[in-house]
file my_file14.cif (mmCIF, C-alpha atoms)
data_run
loop_
_atom_site.label_atom_id
_atom_site.label_comp_id
_atom_site.auth_asym_id
_atom_site.auth_seq_id
_atom_site.Cartn_x
_atom_site.Cartn_y
_atom_site.Cartn_z
CA MET A 1 68.65 83.87 85.80
CA ASP A 2 70.28 81.66 83.13
CA LYS A 3 74.00 81.85 82.52
CA SER A 4 74.93 82.63 78.95
CA LEU A 5 78.14 81.38 77.33
CA HIS A 6 78.91 84.82 75.87
CA TYR A 7 78.77 88.35 77.20
CA GLY A 8 75.85 90.32 75.81
CA SER A 9 76.16 93.60 73.94
CA THR A 10 75.45 95.65 77.10
CA ALA A 11 78.22 93.91 79.07
CA LYS A 12 80.62 94.32 76.15
CA ALA A 13 79.80 98.00 75.73
CA LEU A 14 80.28 98.68 79.45
CA HIS A 15 83.53 96.69 79.50
CA TRP A 16 85.08 98.50 76.55
CA LEU A 17 83.84 101.88 77.76
CA VAL A 18 85.49 101.39 81.16
CA ALA A 19 88.67 100.08 79.48
CA SER A 20 88.83 103.13 77.17
CA LEU A 21 88.19 105.59 79.99
CA LEU A 22 90.83 103.91 82.18
CA ILE A 23 93.41 104.38 79.41
CA VAL A 24 92.51 108.07 79.18
CA GLN A 25 92.51 108.34 82.97
CA TYR A 26 95.99 106.85 83.36
CA PHE A 27 97.40 109.24 80.74
CA ILE A 28 95.80 112.24 82.42
CA GLY A 29 97.01 111.08 85.83
CA TRP A 30 100.54 110.50 84.54
CA PHE A 31 100.83 114.01 83.08
CA MET A 32 98.96 115.81 85.85
CA PRO A 33 101.03 118.22 87.94
CA ASP A 34 102.03 117.11 91.44
CA ILE A 35 99.55 118.20 94.08
CA LYS A 36 100.94 120.84 96.42
CA ARG A 37 99.65 121.88 99.86
CA SER A 38 97.46 124.87 98.96
CA MET A 39 96.80 123.86 95.37
CA GLN A 40 93.28 124.11 93.97
CA PRO A 41 92.11 121.74 91.24
CA GLY A 42 92.80 123.09 87.77
CA MET A 43 91.50 121.97 84.41
CA THR A 44 93.52 118.73 84.34
CA MET A 45 92.40 117.73 87.85
CA THR A 46 88.78 118.55 87.03
CA TRP A 47 88.97 116.31 83.96
CA HIS A 48 90.64 113.57 86.00
CA ILE A 49 87.99 113.69 88.73
CA SER A 50 85.16 113.95 86.18
CA ILE A 51 86.35 110.92 84.25
CA GLY A 52 86.97 109.06 87.53
CA THR A 53 83.42 109.63 88.76
CA THR A 54 82.11 108.63 85.33
CA ILE A 55 84.11 105.38 85.57
CA LEU A 56 82.68 104.88 89.06
CA ALA A 57 79.11 105.17 87.75
CA ILE A 58 79.81 102.87 84.82
CA ILE A 59 81.56 100.22 86.92
CA VAL A 60 78.62 100.17 89.35
CA ALA A 61 76.29 99.67 86.37
CA ARG A 62 78.66 97.00 84.99
CA LEU A 63 78.74 95.22 88.33
CA CYS A 64 74.94 95.28 88.63
CA TRP A 65 74.67 93.99 85.06
CA ARG A 66 77.18 91.20 85.78
CA VAL A 67 75.28 90.07 88.86
CA THR A 68 71.92 90.05 87.07
CA HIS A 69 73.26 88.67 83.76
CA PRO A 70 75.92 86.08 84.71
CA VAL A 71 78.10 84.44 82.11
CA ALA A 72 79.01 80.77 82.38
CA PRO A 73 82.71 80.05 82.81
CA GLU A 74 84.44 78.86 79.66
CA SER A 75 84.05 75.09 79.87
CA SER A 76 87.16 74.39 77.79
CA LEU A 77 89.43 75.92 80.44
CA PRO A 78 91.12 73.84 83.11
CA PRO A 79 89.63 74.40 86.58
CA TRP A 80 92.58 76.52 87.79
CA GLN A 81 92.11 78.93 84.86
CA ARG A 82 88.36 79.21 85.47
CA VAL A 83 88.93 80.00 89.17
CA THR A 84 91.75 82.43 88.39
CA SER A 85 89.72 84.15 85.70
CA GLU A 86 86.74 84.61 88.01
CA ALA A 87 88.97 85.93 90.81
CA VAL A 88 90.70 88.42 88.50
CA HIS A 89 87.37 89.71 87.20
CA TRP A 90 86.02 90.34 90.71
CA LEU A 91 89.32 91.90 91.80
CA LEU A 92 89.13 94.22 88.78
CA TYR A 93 85.67 95.37 89.88
CA LEU A 94 86.87 95.86 93.44
CA LEU A 95 90.00 97.79 92.45
CA VAL A 96 88.17 100.06 90.00
CA LEU A 97 85.64 100.85 92.75
CA ALA A 98 88.39 101.40 95.34
CA THR A 99 90.50 103.57 93.02
CA THR A 100 87.66 105.82 91.91
CA LEU A 101 86.18 106.17 95.40
CA SER A 102 89.56 106.92 96.98
CA GLY A 103 90.20 109.62 94.37
CA TRP A 104 86.86 111.25 95.10
CA LEU A 105 87.49 110.96 98.86
CA PHE A 106 90.94 112.53 98.37
CA ALA A 107 89.49 115.55 96.54
CA SER A 108 86.80 115.86 99.21
CA ALA A 109 89.27 115.57 102.09
CA ARG A 110 91.30 118.39 100.53
CA GLY A 111 88.16 120.50 100.59
CA TRP A 112 88.15 120.99 96.84
CA THR A 113 85.02 122.18 95.12
CA VAL A 114 84.93 120.15 91.95
CA SER A 115 82.38 120.03 89.18
CA TRP A 116 81.61 117.15 86.88
CA PHE A 117 82.97 118.22 83.49
CA PHE A 118 82.74 121.90 84.59
CA MET A 119 78.93 121.68 84.72
CA VAL A 120 77.54 119.97 87.83
CA PRO A 121 79.11 120.37 91.30
CA LEU A 122 80.10 117.03 92.82
CA PRO A 123 79.07 116.38 96.40
CA MET A 124 81.81 116.40 98.99
CA LEU A 125 82.14 113.00 100.63
CA THR A 126 84.17 114.36 103.55
CA ALA A 127 84.66 117.90 104.75
CA GLY A 128 88.24 119.17 104.46
CA ASN A 129 90.27 116.79 106.65
CA THR A 130 94.03 117.24 106.42
CA GLN A 131 94.83 114.07 108.41
CA LEU A 132 92.79 112.02 105.97
CA VAL A 133 94.42 113.60 102.89
CA HIS A 134 97.77 111.80 103.16
CA THR A 135 96.23 108.44 104.04
CA ILE A 136 93.74 108.52 101.19
CA ASP A 137 96.33 109.79 98.70
CA GLY A 138 98.51 106.79 99.58
CA TRP A 139 95.57 104.43 99.15
CA HIS A 140 94.63 106.01 95.83
CA GLN A 141 98.15 105.55 94.49
CA ASP A 142 98.38 101.98 95.80
CA PHE A 143 95.02 101.12 94.21
CA GLU A 144 96.14 102.71 90.92
CA TRP A 145 99.27 100.56 90.76
CA ALA A 146 97.47 97.39 91.84
CA LEU A 147 94.80 98.03 89.21
CA LEU A 148 97.42 98.65 86.53
CA ILE A 149 99.18 95.37 87.39
CA LEU A 150 95.89 93.45 87.38
CA ILE A 151 94.88 95.03 84.06
CA GLY A 152 98.25 93.92 82.67
CA LEU A 153 97.59 90.34 83.82
CA HIS A 154 94.05 90.46 82.39
CA VAL A 155 95.20 91.78 79.01
CA GLY A 156 98.15 89.37 78.97
CA ALA A 157 95.86 86.40 79.63
CA ALA A 158 93.45 87.60 76.93
CA PHE A 159 96.26 87.75 74.36
CA LEU A 160 97.61 84.40 75.52
CA HIS A 161 94.20 82.85 74.77
CA LEU A 162 93.94 84.72 71.47
CA LEU A 163 97.43 84.07 70.10
CA TYR A 164 98.74 80.95 71.85
CA TYR A 165 95.81 78.79 72.93
CA ARG A 166 93.54 80.01 70.10
CA ASP A 167 90.59 78.70 72.08
CA GLY A 168 88.05 81.43 71.36
CA VAL A 169 87.92 82.69 74.94
CA MET A 170 88.56 86.28 73.88
CA ARG A 171 85.71 86.20 71.36
CA ARG A 172 83.31 86.18 74.31
CA MET A 173 84.12 89.87 74.94
CA LEU A 174 84.90 91.14 71.46
CA PRO A 175 82.25 93.31 69.76
#
call {"tool": "encode", "arguments": {"input": "my_file14.cif", "output": "structure tokens"}}
result
Amino acid sequence: MDKSLHYGSTAKALHWLVASLLIVQYFIGWFMPDIKRSMQPGMTMTWHISIGTTILAIIVARLCWRVTHPVAPESSLPPWQRVTSEAVHWLLYLLVLATTLSGWLFASARGWTVSWFFMVPLPMLTAGNTQLVHTIDGWHQDFEWALLILIGLHVGAAFLHLLYYRDGVMRRMLP
């Protein structure tokens, strides 16, 4: 397993696909109606859950690809930036996994019957559990905000390397 200096086309495609779907997901989540006690998932919620489970599948594939196709740290970076970069990348994986899983658990705990893009029923991860609903909803929201902050740091660092340092770091992930 040799470490490449650049991300391959598969890693880039998975990265940009997850990034694009997360943008869509945050917009849907922002404009989604508040969830009430006896509410059943409507069209917006079904789209939100469908895209979330799609992101979950893609991030698992991305994580497996990253483990089996590692990329060497940028050698031009100071050690603190290499360590920080690596930590942020792994935290991004963890938070995307936590956010998508907690959303699916939330829908399951509410006892919702949800289908993936109105076609395939999604398995319930927990049977309707009202005590779990509030806990998981809080986790899901906390993960969403933490992920959004970390994405902001990631994007900010990418633009800092592109526009200020001009060191070519961002070219490693550009198509």
call {"tool": "closest_residue", "arguments": {"input": "my_file14.cif", "among": "A:Thr113, A:Thr10, A:Ser85, A:Thr99", "to": "Met45 in chain A", "atoms": "all atoms listed in the file"}}
result
A:Thr113
call {"tool": "closest_residue", "arguments": {"input": "my_file14.cif", "among": "A:His140, A:Thr84, A:Leu91, A:Leu63", "to": "Gly29 in chain A", "atoms": "only C-alpha atoms"}}
result
A:His140
call {"tool": "closest_residue", "arguments": {"input": "my_file14.cif", "among": "A:Ser20, A:Gln141, A:Ser102, A:Ser76", "to": "Leu125 in chain A", "atoms": "all atoms listed in the file"}}
result
A:Ser102
call {"tool": "closest_residue", "arguments": {"input": "my_file14.cif", "among": "A:Leu163, A:Met173, A:Leu14, A:Leu122", "to": "Glu74 in chain A", "atoms": "all atoms listed in the file"}}
result
A:Met173
call {"tool": "closest_residue", "arguments": {"input": "my_file14.cif", "among": "A:Leu95, A:Leu174, A:Ile49, A:Ala57", "to": "Ala158 in chain A", "atoms": "all atoms listed in the file"}}
result
A:Leu174
call {"tool": "closest_residue", "arguments": {"input": "my_file14.cif", "among": "A:Leu150, A:His48, A:Ile59, A:Pro121", "to": "Ala87 in chain A", "atoms": "only C-alpha atoms"}}
result
A:Leu150
call {"tool": "atom_distance", "arguments": {"input": "my_file14.cif", "atom1": "CA of Ser38 in chain A", "atom2": "CA of Val114 in chain A"}}
result
15.1 Å
call {"tool": "resolve_selection", "arguments": {"input": "my_file14.cif", "expression": "the PyMOL selection byres ((chain A and resi 103-105) around 8)", "output": "short mmCIF file (atom, residue, chain, number, x, y, z; two decimals) with C-alpha atoms, in the frame of the given file"}}
result
data_model
loop_
_atom_site.label_atom_id
_atom_site.label_comp_id
_atom_site.auth_asym_id
_atom_site.auth_seq_id
_atom_site.Cartn_x
_atom_site.Cartn_y
_atom_site.Cartn_z
CA ILE A 49 87.99 113.69 88.73
CA GLY A 52 86.97 109.06 87.53
CA THR A 53 83.42 109.63 88.76
CA THR A 99 90.50 103.57 93.02
CA THR A 100 87.66 105.82 91.91
CA LEU A 101 86.18 106.17 95.40
CA SER A 102 89.56 106.92 96.98
CA PHE A 106 90.94 112.53 98.37
CA ALA A 107 89.49 115.55 96.54
CA SER A 108 86.80 115.86 99.21
CA ALA A 109 89.27 115.57 102.09
CA MET A 124 81.81 116.40 98.99
CA LEU A 125 82.14 113.00 100.63
CA THR A 126 84.17 114.36 103.55
CA ILE A 136 93.74 108.52 101.19
CA ASP A 137 96.33 109.79 98.70
CA HIS A 140 94.63 106.01 95.83
#
call {"tool": "atom_distance", "arguments": {"input": "my_file14.cif", "atom1": "CA of Cys64 in chain A", "atom2": "CA of Leu148 in chain A"}}
result
22.8 Å
call {"tool": "resolve_selection", "arguments": {"input": "my_file14.cif", "expression": "the PyMOL selection byres ((chain A and resi 5) around 12)", "output": "ChimeraX atom specification"}}
result
/A:2-4,6-8,69-76,168-169,171-173
call {"tool": "axis_aligned_box", "arguments": {"input": "my_file14.cif", "around": "range 101-108 of chain A", "padding_each_side": "8 Å", "output": "lines of an AutoDock Vina configuration file"}}
result
center_x = 88.6
center_y = 111.0
center_z = 96.8
size_x = 20.8
size_y = 25.7
size_z = 20.8
call {"tool": "resolve_selection", "arguments": {"input": "my_file14.cif", "expression": "the PyMOL selection byres ((chain A and resi 51) around 9)", "output": "list of chain:residue names"}}
result
A:Leu21, A:Leu22, A:Val24, A:Gln25, A:Thr46, A:Trp47, A:His48, A:Ile49, A:Ser50, A:Gly52, A:Thr53, A:Thr54, A:Ile55, A:Leu56, A:Trp116, A:Phe117
call {"tool": "atom_distance", "arguments": {"input": "my_file14.cif", "atom1": "CA of Ala19 in chain A", "atom2": "CA of Ala61 in chain A"}}
result
14.2 Å
